[in-house]
$ cat structure_22.cif   # mmCIF, C-alpha atoms
data_target
loop_
_atom_site.label_atom_id
_atom_site.label_comp_id
_atom_site.auth_asym_id
_atom_site.auth_seq_id
_atom_site.Cartn_x
_atom_site.Cartn_y
_atom_site.Cartn_z
CA MET A 1 -4.82 7.93 -13.23
CA ARG A 2 -6.89 7.54 -10.04
CA SER A 3 -9.20 4.79 -11.31
CA SER A 4 -8.41 1.27 -10.16
CA ILE A 5 -7.75 0.18 -13.77
CA GLY A 6 -5.39 3.11 -14.30
CA LEU A 7 -3.54 2.36 -11.06
CA LYS A 8 -3.19 -1.30 -11.99
CA LEU A 9 -1.77 -0.35 -15.39
CA LEU A 10 0.65 2.07 -13.73
CA MET A 11 1.74 -0.58 -11.25
CA ALA A 12 2.21 -3.13 -14.05
CA ALA A 13 4.25 -0.73 -16.18
CA THR A 14 6.53 0.38 -13.33
CA GLY A 15 6.83 -3.22 -12.17
CA LEU A 16 8.07 -4.28 -15.60
CA ILE A 17 10.68 -1.52 -15.48
CA PHE A 18 11.95 -3.03 -12.24
CA VAL A 19 11.96 -6.53 -13.75
CA GLY A 20 14.20 -5.30 -16.56
CA TYR A 21 16.46 -3.52 -14.10
CA VAL A 22 16.92 -6.43 -11.70
CA LEU A 23 17.75 -8.77 -14.60
CA LEU A 24 20.45 -6.38 -15.82
CA HIS A 25 21.68 -5.77 -12.27
CA ALA A 26 21.90 -9.51 -11.58
CA TYR A 27 23.87 -9.98 -14.81
CA GLY A 28 26.27 -7.21 -13.80
CA ASN A 29 26.79 -8.71 -10.35
CA LEU A 30 27.91 -11.96 -11.95
CA MET A 31 30.90 -10.09 -13.38
CA VAL A 32 32.50 -10.39 -9.95
CA LEU A 33 33.10 -14.08 -10.74
CA GLY A 34 35.55 -12.99 -13.43
CA GLY A 35 37.86 -11.38 -10.93
CA ALA A 36 38.94 -7.87 -9.96
CA GLU A 37 39.94 -6.60 -13.40
CA GLN A 38 36.73 -7.70 -15.11
CA PHE A 39 34.42 -6.35 -12.40
CA ASN A 40 36.27 -3.04 -12.01
CA THR A 41 36.27 -2.57 -15.79
CA TYR A 42 32.54 -3.24 -15.86
CA ALA A 43 31.94 -0.72 -13.04
CA HIS A 44 34.09 1.86 -14.87
CA HIS A 45 32.20 1.43 -18.14
CA LEU A 46 28.89 1.99 -16.36
CA ARG A 47 30.17 5.41 -15.33
CA THR A 48 31.66 6.37 -18.71
CA PHE A 49 28.94 4.86 -20.95
CA GLY A 50 27.77 7.35 -23.57
CA GLN A 51 30.63 9.81 -23.20
CA PRO A 52 31.11 12.44 -24.54
CA ILE A 53 27.38 12.77 -25.33
CA LEU A 54 26.58 11.94 -21.70
CA PRO A 55 28.61 13.31 -18.78
CA TYR A 56 30.50 11.04 -16.40
CA GLU A 57 27.94 8.83 -14.61
CA GLY A 58 25.27 10.29 -16.90
CA LEU A 59 23.71 6.91 -17.68
CA LEU A 60 23.68 5.94 -14.01
CA TRP A 61 21.86 9.13 -13.07
CA ILE A 62 19.29 8.62 -15.81
CA VAL A 63 18.68 5.09 -14.52
CA ARG A 64 18.47 6.34 -10.92
CA VAL A 65 15.91 9.01 -11.79
CA VAL A 66 13.78 6.54 -13.78
CA LEU A 67 13.95 3.98 -10.98
CA LEU A 68 13.11 6.52 -8.27
CA ALA A 69 10.11 7.80 -10.24
CA SER A 70 9.00 4.22 -10.91
CA LEU A 71 9.39 3.32 -7.24
CA VAL A 72 7.26 6.26 -6.09
CA LEU A 73 4.53 5.53 -8.67
CA HIS A 74 4.63 1.77 -7.98
CA ALA A 75 4.34 2.25 -4.22
CA TYR A 76 1.60 4.86 -4.59
CA SER A 77 -0.42 2.57 -6.87
CA ALA A 78 0.06 -0.44 -4.61
CA PHE A 79 -0.89 1.28 -1.36
CA THR A 80 -3.88 3.00 -2.95
CA LEU A 81 -5.20 -0.25 -4.41
CA TRP A 82 -4.61 -2.15 -1.16
CA GLY A 83 -6.44 0.55 0.76
CA ARG A 84 -9.42 0.36 -1.58
CA ALA A 85 -9.45 -3.44 -1.43
CA ASN A 86 -9.41 -3.43 2.37
CA SER A 87 -12.28 -0.96 2.46
CA ALA A 88 -14.44 -3.00 0.09
CA ARG A 89 -13.58 -6.51 1.27
CA SER A 90 -16.26 -8.47 3.11
CA THR A 91 -15.59 -11.14 5.75
CA LYS A 92 -16.77 -13.86 3.41
CA TYR A 93 -14.43 -12.64 0.68
CA VAL A 94 -11.47 -12.64 3.05
CA VAL A 95 -12.01 -16.30 3.92
CA LYS A 96 -12.30 -17.37 0.30
CA LYS A 97 -9.28 -15.30 -0.73
CA ALA A 98 -7.05 -16.70 1.99
CA VAL A 99 -7.80 -20.26 0.91
CA ALA A 100 -7.12 -19.61 -2.79
CA SER A 101 -4.10 -17.33 -2.49
CA SER A 102 -0.48 -18.40 -2.78
CA LEU A 103 2.45 -17.61 -0.50
CA ALA A 104 3.72 -15.11 -3.09
CA SER A 105 0.40 -13.24 -3.22
CA ARG A 106 -0.02 -13.25 0.57
CA THR A 107 3.44 -11.73 1.10
CA MET A 108 3.17 -9.01 -1.57
CA ARG A 109 2.39 -6.19 0.86
CA PHE A 110 4.89 -6.93 3.61
CA GLY A 111 7.43 -8.28 1.14
CA GLY A 112 7.21 -5.01 -0.75
CA LEU A 113 7.82 -3.03 2.44
CA ALA A 114 10.78 -5.25 3.30
CA LEU A 115 12.22 -4.71 -0.18
CA LEU A 116 11.83 -0.96 0.16
CA LEU A 117 13.78 -1.00 3.43
CA PHE A 118 16.45 -3.20 1.87
CA VAL A 119 16.80 -0.89 -1.14
CA VAL A 120 17.51 2.00 1.24
CA PHE A 121 20.09 -0.12 3.10
CA HIS A 122 21.64 -1.37 -0.16
CA ILE A 123 22.07 2.17 -1.50
CA LEU A 124 23.60 3.39 1.76
CA HIS A 125 25.89 0.36 1.77
CA LEU A 126 27.20 -0.08 -1.77
CA THR A 127 26.29 3.19 -3.54
CA THR A 128 26.77 6.11 -1.16
CA HIS A 129 29.06 4.16 1.22
CA THR A 130 27.29 5.70 4.20
CA ILE A 131 27.17 2.30 5.90
CA THR A 132 30.59 0.66 5.58
CA PRO A 133 30.99 -2.58 7.57
CA GLN A 134 33.58 -3.48 4.92
CA GLY A 135 35.63 -0.36 5.67
CA ASP A 136 36.94 2.05 3.06
CA GLN A 137 37.86 0.19 -0.13
CA ALA A 138 39.80 1.41 -3.13
CA THR A 139 37.84 -0.38 -5.88
CA PRO A 140 34.29 -1.62 -6.55
CA TYR A 141 35.55 -5.21 -6.54
CA ALA A 142 37.21 -4.83 -3.14
CA ASN A 143 34.08 -3.12 -1.84
CA VAL A 144 31.89 -6.07 -2.85
CA VAL A 145 34.28 -8.84 -1.80
CA ASN A 146 35.03 -7.31 1.58
CA SER A 147 31.31 -6.92 2.20
CA PHE A 148 30.13 -10.42 1.41
CA ASP A 149 32.88 -12.18 3.32
CA LYS A 150 30.70 -11.33 6.33
CA TRP A 151 28.03 -13.97 6.92
CA TRP A 152 25.46 -11.59 8.42
CA LEU A 153 25.53 -9.36 5.34
CA VAL A 154 25.01 -12.42 3.14
CA VAL A 155 22.02 -13.45 5.33
CA ILE A 156 20.44 -9.99 4.97
CA TYR A 157 21.06 -10.09 1.22
CA ALA A 158 19.67 -13.64 0.88
CA LEU A 159 16.48 -12.73 2.76
CA ALA A 160 15.99 -9.68 0.56
CA VAL A 161 16.57 -11.68 -2.62
CA THR A 162 14.07 -14.30 -1.46
CA ALA A 163 11.51 -11.56 -0.79
CA LEU A 164 12.25 -10.19 -4.27
CA ALA A 165 11.73 -13.61 -5.86
CA LEU A 166 8.34 -14.01 -4.15
CA HIS A 167 7.40 -10.49 -5.21
CA LEU A 168 8.34 -11.21 -8.82
CA THR A 169 6.45 -14.51 -8.88
CA HIS A 170 3.12 -12.87 -8.15
CA GLY A 171 4.00 -9.48 -9.64
CA ILE A 172 4.68 -10.83 -13.13
CA TRP A 173 1.44 -12.82 -13.02
CA SER A 174 -0.47 -9.73 -11.92
CA ALA A 175 1.12 -7.57 -14.61
CA ALA A 176 0.22 -10.12 -17.28
CA GLN A 177 -3.35 -10.22 -15.99
CA THR A 178 -3.60 -6.41 -15.97
CA LEU A 179 -2.27 -6.21 -19.53
CA GLY A 180 -4.84 -8.75 -20.75
CA LEU A 181 -2.38 -11.59 -21.27
CA THR A 182 -4.27 -14.19 -19.20
CA SER A 183 -7.49 -14.49 -21.19
CA ASN A 184 -7.47 -18.31 -21.41
CA ALA A 185 -6.04 -21.31 -19.57
CA ALA A 186 -2.96 -21.58 -21.79
CA ALA A 187 -2.17 -17.88 -21.38
CA ARG A 188 -2.62 -18.08 -17.61
CA SER A 189 -0.28 -21.06 -17.51
CA ARG A 190 2.36 -19.17 -19.53
CA ALA A 191 2.09 -16.16 -17.24
CA LYS A 192 2.48 -18.36 -14.18
CA ILE A 193 5.50 -20.14 -15.67
CA ALA A 194 7.06 -16.80 -16.65
CA GLY A 195 6.67 -15.50 -13.11
CA HIS A 196 8.30 -18.57 -11.58
CA PHE A 197 11.07 -18.67 -14.19
CA VAL A 198 12.08 -15.01 -13.82
CA ALA A 199 11.89 -15.25 -10.02
CA ALA A 200 14.09 -18.37 -9.97
CA LEU A 201 16.55 -16.81 -12.43
CA VAL A 202 16.87 -13.60 -10.41
CA TRP A 203 17.11 -15.47 -7.09
CA THR A 204 19.90 -17.71 -8.42
CA ALA A 205 21.85 -14.98 -10.22
CA PHE A 206 21.77 -12.62 -7.23
CA LEU A 207 22.83 -15.25 -4.70
CA ILE A 208 25.72 -16.79 -6.64
CA PRO A 209 28.20 -13.88 -6.11
CA PRO A 210 27.75 -13.38 -2.33
CA LEU A 211 27.79 -17.12 -1.64
CA ALA A 212 30.86 -17.58 -3.85
CA ILE A 213 32.60 -14.82 -1.89
CA LEU A 214 31.49 -16.12 1.51
CA PHE A 215 32.78 -19.63 0.79
CA GLY A 216 36.07 -18.44 -0.69
CA ILE A 217 35.41 -19.34 -4.33
CA VAL A 218 35.89 -15.68 -5.19
CA ASP A 219 38.75 -14.07 -3.30
#

$ encode --input "structure_22.cif" --output "structure tokens"
Amino acid sequence: MRSSIGLKLLMAATGLIFVGYVLLHAYGNLMVLGGAEQFNTYAHHLRTFGQPILPYEGLLWIVRVVLLASLVLHAYSAFTLWGRANSARSTKYVVKKAVASSLASRTMRFGGLALLLFVVFHILHLTTHTITPQGDQATPYANVVNSFDKWWLVVIYALAVTALALHLTHGIWSAAQTLGLTSNAAARSRAKIAGHFVAALVWTAFLIPPLAILFGIVD
């Protein structure tokens, strides 16, 4: 899987796994709008899903392992391809590329690095509770609400979600291109629309809960 085509296919496949995950994660976050009982019940079911076939938190650990493997493979593919592109790129090509590229495509590299750093922070904050500006909380709902009543945490989250939206905009287009789904003008238009639609959906769904908490709509 060291050829450029193989790496692009690997990056597209792992990227699509992340698209599916962030859509489900955004949907789950919206449960906080239903109040403490609904969100805590949702969090509990995530941990007991599949019992007794799966152990407690079995599904979550399966998801974590799949996501970690996908993250490593996605990052490896991306950095390898970027390194090869930088080695082969001529000065003339750079000028032409910069004119034709979009904001989403130009921010893929540094946006990806920013997302990686945020993922580490997010896990330490709301999963392992290593970073606890919200203090020790008894329930998942209290943990979330007492986090996003702090404006600076909402700002960090909003910046990360915006970086994610830009990443998805170009990433979905690139995945469609790699998988041969942009062979004509109509197909390219559909891929572009899909990228913008998913990015806008994820951006909106992820920002609604923290903003609702910050402005007191969810208490």

$ resolve_selection --input "structure_22.cif" --expression "the PyMOL selection byres ((chain A and resi 138-141) around 7)" --output "PyMOL selection string"
chain A and resi 32+36+39-40+43+136-137+142-145

$ closest_residue --input "structure_22.cif" --among "A:Leu207, A:Leu116, A:Val155, A:Met108" --to "Thr169 in chain A" --atoms "only C-alpha atoms"
A:Met108

$ closest_residue --input "structure_22.cif" --among "A:Leu115, A:Met31, A:Leu153, A:Val65" --to "Pro133 in chain A" --atoms "only C-alpha atoms"
A:Leu153

$ closest_residue --input "structure_22.cif" --among "A:Pro209, A:Gly180, A:Gly195, A:Gly171" --to "Ser147 in chain A" --atoms "all atoms listed in the file"
A:Pro209

$ closest_residue --input "structure_22.cif" --among "A:Leu60, A:Leu30, A:Ile217, A:Leu164" --to "Val198 in chain A" --atoms "all atoms listed in the file"
A:Leu164

$ resolve_selection --input "structure_22.cif" --expression "the PyMOL selection byres ((chain A and resi 212-215) around 7)" --output "ChimeraX atom specification"
/A:145,148-151,208-211,216-219

$ closest_residue --input "structure_22.cif" --among "A:Val66, A:Ile131, A:Leu24, A:Leu73" --to "Met11 in chain A" --atoms "only C-alpha atoms"
A:Leu73

$ closest_residue --input "structure_22.cif" --among "A:Val202, A:Leu179, A:Ala75, A:Ala191" --to "Ala13 in chain A" --atoms "only C-alpha atoms"
A:Leu179

$ atom_distance --input "structure_22.cif" --atom1 "CA of Phe79 in chain A" --atom2 "CA of Ala114 in chain A"
14.2 Å

$ resolve_selection --input "structure_22.cif" --expression "the PyMOL selection byres ((chain A and resi 15) around 8)" --output "ChimeraX atom specification"
/A:11-14,16-19,70,74,171-172,175

$ atom_distance --input "structure_22.cif" --atom1 "CA of Phe206 in chain A" --atom2 "CA of Val63 in chain A"
19.4 Å

$ atom_distance --input "structure_22.cif" --atom1 "CA of Gly34 in chain A" --atom2 "CA of Ala194 in chain A"
28.9 Å

$ residues_around --input "structure_22.cif" --residues "Phe110 in chain A" --least-positions-apart "3" --cutoff "12 Å" --atoms "all atoms listed in the file" --output "JSON, numbers by chain"
{"A": [78, 79, 82, 103, 104, 105, 106, 107, 113, 114, 115, 116, 117, 160, 163, 164, 166, 167]}

$ residues_around --input "structure_22.cif" --residues "Thr48 in chain A" --least-positions-apart "4" --cutoff "8 Å" --atoms "only C-alpha atoms" --output "PyMOL selection string"
chain A and resi 44+55-58

$ build_atoms --input "structure_22.cif" --residues "range 201-212 of chain A" --atoms "all heavy atoms" --output "compact mmCIF listing (two decimals), in the frame of the given file"
# COMPACT_ATOMS: atom_id res chain seq x y z
N LEU A 201 15.34 -17.31 -11.77
CA LEU A 201 16.55 -16.81 -12.43
C LEU A 201 17.18 -15.69 -11.63
O LEU A 201 18.40 -15.68 -11.38
CB LEU A 201 16.19 -16.33 -13.84
CG LEU A 201 17.34 -15.75 -14.67
CD1 LEU A 201 18.38 -16.82 -14.96
CD2 LEU A 201 16.81 -15.16 -15.98
N VAL A 202 16.37 -14.74 -11.19
CA VAL A 202 16.87 -13.60 -10.41
C VAL A 202 17.41 -14.07 -9.07
O VAL A 202 18.49 -13.64 -8.63
CB VAL A 202 15.75 -12.56 -10.22
CG1 VAL A 202 16.13 -11.52 -9.17
CG2 VAL A 202 15.44 -11.88 -11.54
N TRP A 203 16.68 -14.95 -8.39
CA TRP A 203 17.11 -15.47 -7.09
C TRP A 203 18.48 -16.15 -7.21
O TRP A 203 19.38 -15.90 -6.41
CB TRP A 203 16.07 -16.46 -6.58
CG TRP A 203 16.30 -16.96 -5.18
CD1 TRP A 203 15.95 -16.34 -4.01
CD2 TRP A 203 16.93 -18.19 -4.80
NE1 TRP A 203 16.32 -17.11 -2.92
CE2 TRP A 203 16.92 -18.25 -3.38
CE3 TRP A 203 17.49 -19.25 -5.53
CZ2 TRP A 203 17.46 -19.33 -2.68
CZ3 TRP A 203 18.02 -20.32 -4.82
CH2 TRP A 203 18.01 -20.35 -3.41
N THR A 204 18.64 -16.98 -8.22
CA THR A 204 19.90 -17.71 -8.42
C THR A 204 21.04 -16.76 -8.78
O THR A 204 22.13 -16.82 -8.19
CB THR A 204 19.74 -18.76 -9.52
OG1 THR A 204 18.67 -19.66 -9.18
CG2 THR A 204 21.02 -19.56 -9.70
N ALA A 205 20.79 -15.88 -9.75
CA ALA A 205 21.85 -14.98 -10.22
C ALA A 205 22.31 -14.02 -9.13
O ALA A 205 23.50 -13.71 -9.03
CB ALA A 205 21.36 -14.20 -11.44
N PHE A 206 21.38 -13.54 -8.29
CA PHE A 206 21.77 -12.62 -7.23
C PHE A 206 22.51 -13.30 -6.09
O PHE A 206 23.34 -12.68 -5.43
CB PHE A 206 20.53 -11.91 -6.68
CG PHE A 206 20.21 -10.61 -7.36
CD1 PHE A 206 18.97 -10.40 -7.93
CD2 PHE A 206 21.15 -9.60 -7.44
CE1 PHE A 206 18.66 -9.20 -8.56
CE2 PHE A 206 20.87 -8.40 -8.07
CZ PHE A 206 19.62 -8.19 -8.63
N LEU A 207 22.21 -14.57 -5.84
CA LEU A 207 22.83 -15.25 -4.70
C LEU A 207 24.18 -15.88 -5.03
O LEU A 207 24.98 -16.11 -4.12
CB LEU A 207 21.89 -16.32 -4.15
CG LEU A 207 20.72 -15.81 -3.30
CD1 LEU A 207 19.91 -16.96 -2.75
CD2 LEU A 207 21.23 -14.93 -2.15
N ILE A 208 24.45 -16.16 -6.28
CA ILE A 208 25.72 -16.79 -6.64
C ILE A 208 26.93 -15.96 -6.19
O ILE A 208 27.83 -16.49 -5.53
CB ILE A 208 25.78 -17.10 -8.15
CG1 ILE A 208 24.89 -18.30 -8.47
CG2 ILE A 208 27.22 -17.40 -8.59
CD1 ILE A 208 24.78 -18.60 -9.97
N PRO A 209 27.00 -14.65 -6.51
CA PRO A 209 28.20 -13.88 -6.11
C PRO A 209 28.44 -13.83 -4.61
O PRO A 209 29.56 -14.14 -4.16
CB PRO A 209 27.93 -12.49 -6.71
CG PRO A 209 27.05 -12.76 -7.88
CD PRO A 209 26.14 -13.87 -7.42
N PRO A 210 27.44 -13.45 -3.76
CA PRO A 210 27.75 -13.38 -2.33
C PRO A 210 28.11 -14.73 -1.71
O PRO A 210 28.97 -14.81 -0.84
CB PRO A 210 26.47 -12.80 -1.71
CG PRO A 210 25.40 -13.02 -2.71
CD PRO A 210 26.07 -12.97 -4.04
N LEU A 211 27.45 -15.79 -2.18
CA LEU A 211 27.79 -17.12 -1.64
C LEU A 211 29.17 -17.56 -2.10
O LEU A 211 29.92 -18.18 -1.34
CB LEU A 211 26.72 -18.14 -2.08
CG LEU A 211 25.34 -17.98 -1.43
CD1 LEU A 211 24.35 -18.97 -2.01
CD2 LEU A 211 25.43 -18.15 0.09
N ALA A 212 29.52 -17.24 -3.35
CA ALA A 212 30.86 -17.58 -3.85
C ALA A 212 31.93 -16.84 -3.07
O ALA A 212 33.00 -17.38 -2.78
CB ALA A 212 30.96 -17.25 -5.34
